[in-house]
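File shown: upload_13.pdb. Contents: PDB, C-alpha atoms and all ligand atoms.
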MODEL        1
ATOM      1  CA  MET O 271     -48.719 -46.023 -63.450
ATOM      2  CA  ILE O 272     -48.916 -49.603 -64.742
ATOM      3  CA  PRO O 273     -52.042 -51.227 -63.237
ATOM      4  CA  ILE O 274     -51.378 -53.853 -60.562
ATOM      5  CA  ARG O 275     -53.737 -56.824 -60.455
ATOM      6  CA  LEU O 276     -54.447 -59.672 -58.093
ATOM      7  CA  ASN O 277     -56.772 -62.630 -58.460
ATOM      8  CA  TRP O 278     -57.480 -63.594 -54.884
ATOM      9  CA  GLN O 279     -60.075 -65.263 -52.751
ATOM     10  CA  LEU O 280     -62.125 -64.415 -49.712
ATOM     11  CA  LEU O 281     -63.252 -66.877 -47.084
ATOM     12  CA  THR O 282     -67.017 -66.887 -47.416
ATOM     13  CA  ASP O 283     -67.737 -67.391 -43.743
ATOM     14  CA  GLY O 284     -65.165 -64.977 -42.339
ATOM     15  CA  PHE O 285     -62.961 -65.431 -39.308
ATOM     16  CA  GLU O 286     -63.123 -65.380 -35.576
ATOM     17  CA  PRO O 287     -60.322 -64.954 -33.032
ATOM     18  CA  VAL O 288     -59.339 -68.158 -31.214
ATOM     19  CA  GLU O 289     -56.797 -68.472 -28.427
ATOM     20  CA  PHE O 290     -54.356 -71.290 -29.077
ATOM     21  CA  LYS O 291     -52.300 -72.698 -26.195
ATOM     22  CA  ASN O 292     -48.734 -73.851 -26.770
ATOM     23  CA  SER O 293     -47.263 -76.704 -24.714
ATOM     24  CA  ASN O 294     -45.260 -74.219 -22.597
ATOM     25  CA  GLY O 295     -48.494 -72.439 -21.634
ATOM     26  CA  SER O 296     -47.984 -69.373 -23.852
ATOM     27  CA  LYS O 297     -51.027 -68.220 -25.768
ATOM     28  CA  VAL O 298     -51.275 -67.259 -29.425
ATOM     29  CA  THR O 299     -54.364 -65.593 -30.905
ATOM     30  CA  ILE O 300     -55.156 -66.883 -34.349
ATOM     31  CA  ALA O 301     -57.850 -65.923 -36.829
ATOM     32  CA  GLU O 302     -59.857 -69.054 -37.445
ATOM     33  CA  PRO O 303     -61.877 -69.412 -40.644
ATOM     34  CA  GLY O 304     -65.600 -70.096 -40.296
ATOM     35  CA  SER O 305     -65.335 -72.694 -43.061
ATOM     36  CA  ALA O 306     -63.144 -73.615 -46.024
ATOM     37  CA  ARG O 307     -65.580 -72.053 -48.527
ATOM     38  CA  THR O 308     -64.096 -69.306 -50.685
ATOM     39  CA  ASP O 309     -65.246 -66.669 -53.163
ATOM     40  CA  PRO O 310     -62.977 -65.309 -55.898
ATOM     41  CA  ILE O 311     -62.163 -61.610 -55.916
ATOM     42  CA  LEU O 312     -60.202 -59.390 -58.310
ATOM     43  CA  TYR O 313     -58.194 -56.407 -57.114
ATOM     44  CA  GLU O 314     -56.831 -53.743 -59.403
ATOM     45  CA  ALA O 315     -54.822 -50.663 -58.512
ATOM     46  CA  ILE O 316     -54.753 -48.064 -61.247
ATOM     47  CA  HIS O 317     -54.996 -45.024 -59.004
ATOM     48  CA  LEU O 318     -54.479 -44.482 -55.278
ATOM     49  CA  GLU O 319     -57.952 -43.363 -54.211
ATOM     50  CA  ASP O 320     -58.607 -46.290 -51.898
ATOM     51  CA  PRO O 321     -55.603 -48.646 -51.676
ATOM     52  CA  VAL O 322     -55.997 -51.947 -49.823
ATOM     53  CA  VAL O 323     -52.771 -51.260 -47.914
ATOM     54  CA  LEU O 324     -54.379 -48.216 -46.260
ATOM     55  CA  HIS O 325     -57.159 -50.425 -44.888
ATOM     56  CA  PHE O 326     -54.483 -52.775 -43.566
ATOM     57  CA  ILE O 327     -52.322 -50.178 -41.789
ATOM     58  CA  ASN O 328     -55.383 -48.511 -40.233
ATOM     59  CA  CYS O 329     -56.267 -51.704 -38.319
ATOM     60  CA  GLU O 330     -55.516 -51.518 -34.618
ATOM     61  CA  THR O 331     -57.573 -54.020 -32.646
ATOM     62  CA  ASP O 332     -57.764 -57.781 -33.185
ATOM     63  CA  MET O 333     -61.346 -57.370 -34.350
ATOM     64  CA  GLU O 334     -60.266 -54.807 -36.961
ATOM     65  CA  PHE O 335     -57.691 -57.257 -38.306
ATOM     66  CA  ILE O 336     -60.357 -59.996 -38.346
ATOM     67  CA  ALA O 337     -62.626 -57.660 -40.337
ATOM     68  CA  PHE O 338     -59.745 -56.882 -42.741
ATOM     69  CA  LEU O 339     -59.172 -60.613 -43.384
ATOM     70  CA  ALA O 340     -62.875 -61.133 -44.036
ATOM     71  CA  ARG O 341     -63.105 -58.179 -46.415
ATOM     72  CA  PHE O 342     -59.784 -58.426 -48.289
ATOM     73  CA  GLY O 343     -58.461 -61.949 -47.630
ATOM     74  CA  THR O 344     -55.300 -63.331 -46.040
ATOM     75  CA  LEU O 345     -51.876 -61.953 -46.972
ATOM     76  CA  GLU O 346     -50.331 -65.178 -48.161
ATOM     77  CA  GLU O 347     -51.862 -68.562 -47.972
ATOM     78  CA  THR O 348     -55.246 -69.225 -49.374
ATOM     79  CA  GLU O 349     -55.641 -72.423 -47.389
ATOM     80  CA  ILE O 350     -55.663 -71.758 -43.711
ATOM     81  CA  SER O 351     -56.094 -74.104 -40.801
ATOM     82  CA  LYS O 352     -58.485 -74.255 -37.901
ATOM     83  CA  SER O 353     -57.108 -74.570 -34.383
ATOM     84  CA  ASP O 354     -58.231 -78.203 -34.105
ATOM     85  CA  GLU O 355     -56.119 -79.077 -37.172
ATOM     86  CA  ILE O 356     -52.907 -77.653 -35.728
ATOM     87  CA  GLU O 357     -50.460 -80.171 -34.366
ATOM     88  CA  GLY O 358     -47.540 -79.060 -32.244
ATOM     89  CA  ASP O 359     -46.716 -75.551 -31.082
ATOM     90  CA  ILE O 360     -47.138 -72.350 -33.047
ATOM     91  CA  GLU O 361     -43.879 -70.457 -33.471
ATOM     92  CA  TYR O 362     -43.412 -67.183 -35.246
ATOM     93  CA  THR O 363     -40.870 -64.462 -35.889
ATOM     94  CA  LEU O 364     -41.600 -60.756 -35.813
ATOM     95  CA  GLY O 365     -39.856 -57.843 -37.459
ATOM     96  CA  SER O 366     -39.166 -59.615 -40.720
ATOM     97  CA  PHE O 367     -40.562 -59.034 -44.180
ATOM     98  CA  GLN O 368     -39.512 -62.495 -45.224
ATOM     99  CA  LYS O 369     -41.862 -65.371 -45.818
ATOM    100  CA  PRO O 370     -44.009 -66.689 -44.301
ATOM    101  CA  ARG O 371     -45.770 -63.469 -43.461
ATOM    102  CA  SER O 372     -49.368 -64.040 -42.547
ATOM    103  CA  SER O 373     -48.108 -66.690 -40.189
ATOM    104  CA  GLY O 374     -44.840 -67.830 -38.781
ATOM    105  CA  TYR O 375     -46.092 -71.253 -37.832
ATOM    106  CA  ARG O 376     -43.520 -73.961 -38.379
ATOM    107  CA  ARG O 377     -45.349 -77.120 -39.298
ATOM    108  CA  PRO O 378     -43.997 -80.231 -37.593
ATOM    109  CA  ALA O 379     -42.327 -82.611 -40.030
ATOM    110  CA  GLY O 380     -44.650 -85.172 -41.508
ATOM    111  CA  ILE O 381     -47.761 -83.036 -41.720
ATOM    112  CA  GLY O 382     -48.285 -82.523 -45.394
ATOM    113  CA  SER O 383     -51.061 -79.984 -45.500
ATOM    114  CA  ASN O 384     -50.666 -76.565 -47.078
ATOM    115  CA  SER O 385     -52.647 -74.853 -44.420
ATOM    116  CA  VAL O 386     -51.324 -72.311 -41.955
ATOM    117  CA  PRO O 387     -53.109 -70.329 -39.280
ATOM    118  CA  VAL O 388     -53.255 -66.557 -39.440
ATOM    119  CA  ILE O 389     -51.539 -65.309 -36.281
ATOM    120  CA  LEU O 390     -52.889 -61.891 -35.348
ATOM    121  CA  THR O 391     -49.627 -60.742 -33.706
ATOM    122  CA  VAL O 392     -47.768 -61.455 -36.945
ATOM    123  CA  LEU O 393     -50.426 -59.664 -38.981
ATOM    124  CA  ARG O 394     -50.119 -56.585 -36.741
ATOM    125  CA  ASP O 395     -46.322 -56.712 -37.070
ATOM    126  CA  ARG O 396     -46.612 -56.669 -40.890
ATOM    127  CA  ALA O 397     -49.082 -53.785 -40.713
ATOM    128  CA  LEU O 398     -46.731 -51.741 -38.513
ATOM    129  CA  SER O 399     -43.840 -52.233 -40.958
ATOM    130  CA  LEU O 400     -45.939 -51.011 -43.900
ATOM    131  CA  LYS O 401     -47.389 -48.194 -41.799
ATOM    132  CA  ALA O 402     -43.876 -46.916 -41.070
ATOM    133  CA  LEU O 403     -43.116 -46.881 -44.804
ATOM    134  CA  ILE O 404     -46.329 -45.049 -45.642
ATOM    135  CA  ASN O 405     -45.841 -42.516 -42.843
ATOM    136  CA  ALA O 406     -42.336 -41.879 -44.194
ATOM    137  CA  THR O 407     -43.918 -40.329 -47.338
ATOM    138  CA  ARG O 408     -44.441 -37.222 -45.155
ATOM    139  CA  VAL O 409     -40.711 -36.568 -45.178
ATOM    140  CA  ALA O 410     -39.939 -38.178 -48.554
ATOM    141  CA  ARG O 411     -39.662 -34.865 -50.412
ATOM    142  CA  HIS O 412     -36.799 -33.860 -48.095
ATOM    143  CA  ILE O 413     -34.860 -37.026 -48.904
ATOM    144  CA  ASP O 414     -32.624 -37.096 -51.968
ATOM    145  CA  ALA O 415     -33.579 -39.385 -54.847
ATOM    146  CA  LYS O 416     -30.505 -41.576 -54.446
ATOM    147  CA  THR O 417     -31.307 -42.455 -50.823
ATOM    148  CA  LYS O 418     -34.972 -42.992 -51.663
ATOM    149  CA  VAL O 419     -34.118 -45.386 -54.489
ATOM    150  CA  ARG O 420     -31.797 -47.350 -52.231
ATOM    151  CA  ASP O 421     -34.379 -47.627 -49.425
ATOM    152  CA  LEU O 422     -37.215 -48.636 -51.755
ATOM    153  CA  ASN O 423     -35.084 -51.257 -53.475
ATOM    154  CA  GLU O 424     -34.161 -52.658 -50.070
ATOM    155  CA  LEU O 425     -37.871 -52.952 -49.349
ATOM    156  CA  MET O 426     -38.578 -54.700 -52.653
ATOM    157  CA  ASP O 427     -35.686 -57.115 -52.062
ATOM    158  CA  SER O 428     -36.563 -58.027 -48.500
ATOM    159  CA  ALA O 429     -40.282 -58.289 -49.262
ATOM    160  CA  GLU O 430     -39.517 -60.771 -52.063
ATOM    161  CA  VAL O 431     -42.327 -59.381 -54.161
ATOM    162  CA  ILE O 432     -43.378 -61.502 -57.118
ATOM    163  CA  VAL O 433     -45.244 -59.901 -60.035
ATOM    164  CA  HIS O 434     -45.906 -61.211 -63.530
ATOM    165  CA  PRO O 435     -46.102 -58.792 -66.457
ATOM    166  CA  CYS O 436     -48.980 -59.678 -68.774
ATOM    167  CA  PHE O 437     -51.678 -58.384 -71.101
ATOM    168  CA  VAL O 438     -55.334 -58.623 -70.169
ATOM    169  CA  HIS O 439     -58.376 -57.857 -72.255
ATOM    170  CA  SER O 440     -61.497 -56.267 -70.866
ATOM    171  CA  GLU O 441     -64.459 -54.792 -72.705
ATOM    172  CA  GLY O 442     -62.842 -55.173 -76.091
ATOM    173  CA  THR O 443     -59.580 -53.419 -75.274
ATOM    174  CA  MET O 444     -56.219 -54.710 -74.156
ATOM    175  CA  ARG O 445     -54.071 -53.461 -71.332
ATOM    176  CA  PHE O 446     -50.666 -54.206 -69.918
ATOM    177  CA  VAL O 447     -50.712 -55.050 -66.198
ATOM    178  CA  LEU O 448     -48.514 -56.442 -63.442
ATOM    179  CA  LYS O 449     -50.126 -59.415 -61.757
ATOM    180  CA  ALA O 450     -49.190 -59.825 -58.104
ATOM    181  CA  ASP O 451     -48.804 -63.282 -56.604
ATOM    182  CA  THR O 452     -50.315 -62.641 -53.181
ATOM    183  CA  LEU O 453     -52.188 -59.917 -51.306
ATOM    184  CA  TRP O 454     -48.930 -59.090 -49.522
ATOM    185  CA  ASP O 455     -47.166 -58.589 -52.873
ATOM    186  CA  PHE O 456     -50.095 -56.482 -54.077
ATOM    187  CA  MET O 457     -49.884 -54.218 -51.000
ATOM    188  CA  VAL O 458     -46.100 -53.784 -51.295
ATOM    189  CA  MET O 459     -46.657 -52.781 -54.935
ATOM    190  CA  GLU O 460     -49.231 -50.255 -53.739
ATOM    191  CA  VAL O 461     -46.614 -48.785 -51.377
ATOM    192  CA  ALA O 462     -44.176 -48.567 -54.286
ATOM    193  CA  ALA O 463     -46.856 -46.866 -56.410
ATOM    194  CA  ILE O 464     -47.542 -44.364 -53.598
ATOM    195  CA  TYR O 465     -43.868 -43.363 -53.647
ATOM    196  CA  GLU O 466     -43.709 -43.313 -57.431
ATOM    197  CA  ALA O 467     -46.714 -40.982 -57.620
ATOM    198  CA  GLY O 468     -45.370 -38.676 -54.911
ATOM    199  CA  ALA O 469     -48.510 -39.115 -52.775
ATOM    200  CA  VAL O 470     -48.219 -38.197 -49.102
ATOM    201  CA  ALA O 471     -49.780 -39.802 -46.011
ATOM    202  CA  THR O 472     -51.622 -37.656 -43.529
ATOM    203  CA  SER O 473     -53.909 -38.437 -40.612
ATOM    204  CA  CYS O 474     -57.498 -37.245 -40.450
ATOM    205  CA  GLU O 475     -57.958 -34.338 -38.033
ATOM    206  CA  HIS O 476     -61.267 -35.834 -36.924
ATOM    207  CA  CYS O 477     -60.805 -39.635 -36.706
ATOM    208  CA  ARG O 478     -56.982 -40.055 -36.967
ATOM    209  CA  THR O 479     -57.324 -42.519 -39.869
ATOM    210  CA  ILE O 480     -54.288 -42.389 -42.167
ATOM    211  CA  PHE O 481     -55.146 -41.418 -45.741
ATOM    212  CA  LEU O 482     -53.276 -40.239 -48.828
ATOM    213  CA  THR O 483     -53.186 -36.840 -50.464
ATOM    214  CA  GLY O 484     -51.710 -35.588 -53.729
ATOM    215  CA  PRO O 485     -51.205 -37.179 -57.159
ATOM    216  CA  LEU O 486     -53.564 -40.096 -58.117
ATOM    217  CA  THR O 487     -55.258 -40.037 -54.698
ATOM    218  CA  GLY O 488     -58.279 -37.930 -55.662
ATOM    219  CA  ARG O 489     -57.508 -35.529 -52.787
ATOM    220  CA  ARG O 490     -55.801 -32.175 -52.811
ATOM    221  CA  SER O 491     -52.495 -32.034 -50.992
ATOM    222  CA  HIS O 492     -53.830 -29.950 -48.081
ATOM    223  CA  ALA O 493     -56.872 -32.159 -47.299
ATOM    224  CA  LYS O 494     -57.392 -32.399 -43.530
ATOM    225  CA  TYR O 495     -60.179 -34.974 -43.354
ATOM    226  CA  CYS O 496     -60.297 -38.548 -44.635
ATOM    227  CA  SER O 497     -63.901 -38.238 -45.853
ATOM    228  CA  ASP O 498     -66.808 -35.836 -46.260
ATOM    229  CA  ARG O 499     -68.360 -37.503 -43.253
ATOM    230  CA  CYS O 500     -65.405 -36.502 -41.060
ATOM    231  CA  ARG O 501     -65.320 -32.992 -42.525
ATOM    232  CA  VAL O 502     -68.998 -32.504 -41.672
ATOM    233  CA  ALA O 503     -68.609 -34.077 -38.229
ATOM    234  CA  ALA O 504     -65.661 -31.782 -37.451
ATOM    235  CA  MET O 505     -67.655 -28.742 -38.603
ATOM    236  CA  ARG O 506     -70.600 -29.730 -36.395
ATOM    237  CA  ALA O 507     -68.259 -30.222 -33.437
ATOM    238  CA  ARG O 508     -66.783 -26.736 -34.003
ATOM    239  CA  ASN O 509     -70.242 -25.176 -34.266
ATOM    240  CA  SER O 510     -71.581 -26.831 -31.150
ATOM    241  CA  ALA O 511     -68.444 -25.763 -29.264
ATOM    242  CA  LYS O 512     -69.177 -22.164 -30.311
ATOM    243  CA  GLU O 513     -72.817 -22.395 -29.213
ATOM    244  CA  GLY O 514     -71.946 -24.105 -25.945
TER     245      GLY O 514
HETATM  246 ZN    ZN R   1     -61.698 -39.258 -40.685
ENDMDL
END
Re-express the file's structure as structure tokens.
Ligand SMILES: [Zn+2]
Amino acid sequence: MIPIRLNWQLLTDGFEPVEFKNSNGSKVTIAEPGSARTDPILYEAIHLEDPVVLHFINCETDMEFIAFLARFGTLEETEISKSDEIEGDIEYTLGSFQKPRSSGYRRPAGIGSNSVPVILTVLRDRALSLKALINATRVARHIDAKTKVRDLNELMDSAEVIVHPCFVHSEGTMRFVLKADTLWDFMVMEVAAIYEAGAVATSCEHCRTIFLTGPLTGRRSHAKYCSDRCRVAAMRARNSAKEG
């Protein structure tokens, strides 16, 4: 697998959920940054032991998505607005891979800033789309290669992934990598790499978290638990059930 890289940034002071009211009374929950301060971060996928996309699709609650944003960054824009900077209503579309993705906010004409809010509903919608693709690895081996290629190319087209091939040097050696443009692009590339490797999604028998098994994942293909912690917890639960 060709390594996938992303130079990205984290918002130093994290996010909190804020309810934004549109003029028609409808409410939109956005993730509001604590400040505009950022820290650089480098992501690299050379194996599939702990892909970022798995953290994303395992989010369920608003607070889990907020924690994801704080830990991994926003999907698209690096400059994001606070609710008191937003003028006009927030509009968004769901069920689309097309840009913009971390937000569907249409900025009123005349406001020149680059910033967009992160709308949690939109973030969840993106996560569900990727989750469906990752869950589909469970049946992938029953699908013929021609159909798989067509479906994956449709994904790559509609996701409008941008990567730049380039050489990087680290510790005296050189490597060829694909640099992703955004965290979204990076995660779509991870999904592609999951399919390329033939890894398969499964859910932990103890905590239901989705994790990967098989090639490049560091887990054997019949693993039942996402972690040693869950394996031990499940064993304890079985033992105490026996004793009780
Ligand atoms: Zn688990």
Close residues to ligand ZN 1 (chain R) using all atoms listed in the file, limit 12 Å, as a list in words:
Asn328, Thr472, Ser473, Cys474, Glu475, His476, Cys477, Arg478, Thr479, Ile480, Phe481, Leu482, Ala493, Lys494, Tyr495, Cys496, Ser497, Asp498, Arg499, Cys500, Arg501, Val502, Ala503 and Ala504 of chain O
Worksheet item: By how many Å are CA of Leu281 (chain O) and CA of Phe342 (chain O) apart?
Response: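 Taking CA of Leu281 (chain O) and CA of Phe342 (chain O), their separation equals 9.2 Å.
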If we count all atoms listed in the file, what is near Thr331 (chain O) at a cut-off of 12 Å, once residues fewer than 3 positions away on the same chain are taken out, given as a PDB file with C-alpha atoms, in the coordinates of the input?
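This is the output file result25.pdb:
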ATOM      1  CA  PRO O 287     -60.322 -64.954 -33.032  1.00  0.00           C
ATOM      2  CA  PHE O 326     -54.483 -52.775 -43.566  1.00  0.00           C
ATOM      3  CA  ILE O 327     -52.322 -50.178 -41.789  1.00  0.00           C
ATOM      4  CA  ASN O 328     -55.383 -48.511 -40.233  1.00  0.00           C
ATOM      5  CA  GLU O 334     -60.266 -54.807 -36.961  1.00  0.00           C
ATOM      6  CA  PHE O 335     -57.691 -57.257 -38.306  1.00  0.00           C
ATOM      7  CA  ILE O 336     -60.357 -59.996 -38.346  1.00  0.00           C
ATOM      8  CA  ALA O 337     -62.626 -57.660 -40.337  1.00  0.00           C
ATOM      9  CA  PHE O 338     -59.745 -56.882 -42.741  1.00  0.00           C
ATOM     10  CA  LEU O 390     -52.889 -61.891 -35.348  1.00  0.00           C
ATOM     11  CA  THR O 391     -49.627 -60.742 -33.706  1.00  0.00           C
ATOM     12  CA  LEU O 393     -50.426 -59.664 -38.981  1.00  0.00           C
ATOM     13  CA  ARG O 394     -50.119 -56.585 -36.741  1.00  0.00           C
ATOM     14  CA  ALA O 397     -49.082 -53.785 -40.713  1.00  0.00           C
TER      15      ALA O 397
END
All residues 12 Å or closer to Ser399 (chain O), all atoms listed in the file, same chain fewer than 2 positions away omitted, as a list of chain:residue names: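 Non-adjacent residues within range: O:Val323, O:Phe326, O:Ile327, O:Leu364, O:Gly365, O:Ser366, O:Phe367, O:Gln368, O:Arg371, O:Val392, O:Leu393, O:Arg394, O:Asp395, O:Arg396, O:Ala397, O:Lys401, O:Ala402, O:Leu403, O:Ile404, O:Asn405, O:Ala406, O:Leu425, O:Ser428, O:Ala429, O:Met457, O:Val458, O:Val461.
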Residues within 10 Å of Gly488 (chain O), all atoms listed in the file, excluding chain neighbours under 6 positions, as a ChimeraX atom specification: /O:317-320,482
- request: Evaluate the PyMOL selection byres (((chain O and resi 446) around 9) and not hetatm) on the structure here and hand back the selected residues as a list in words.
  value: Ile272, Pro273, Pro435, Cys436, Phe437, Val438, His439, Met444, Arg445, Val447 and Leu448 of chain O
In Å, how far is it from CA of Arg408 (chain O) to CA of Ala450 (chain O)?
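Rounded to one decimal, the two atoms are 26.5 Å apart.
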- Item | Best match for closeness to Glu357 (chain O) among O:Lys291, O:Lys418, O:Arg489, O:Lys297, counting all atoms listed in the file |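 Answer, going by the shortest atom-to-atom distance: O:Lys291.
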Which is closer to Phe290 (chain O) than all the others in O:Gly304, O:Pro310, O:Gly358, O:Gly343, using all atoms listed in the file?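 Selected residue with least distance to Phe290 (chain O): O:Gly358.
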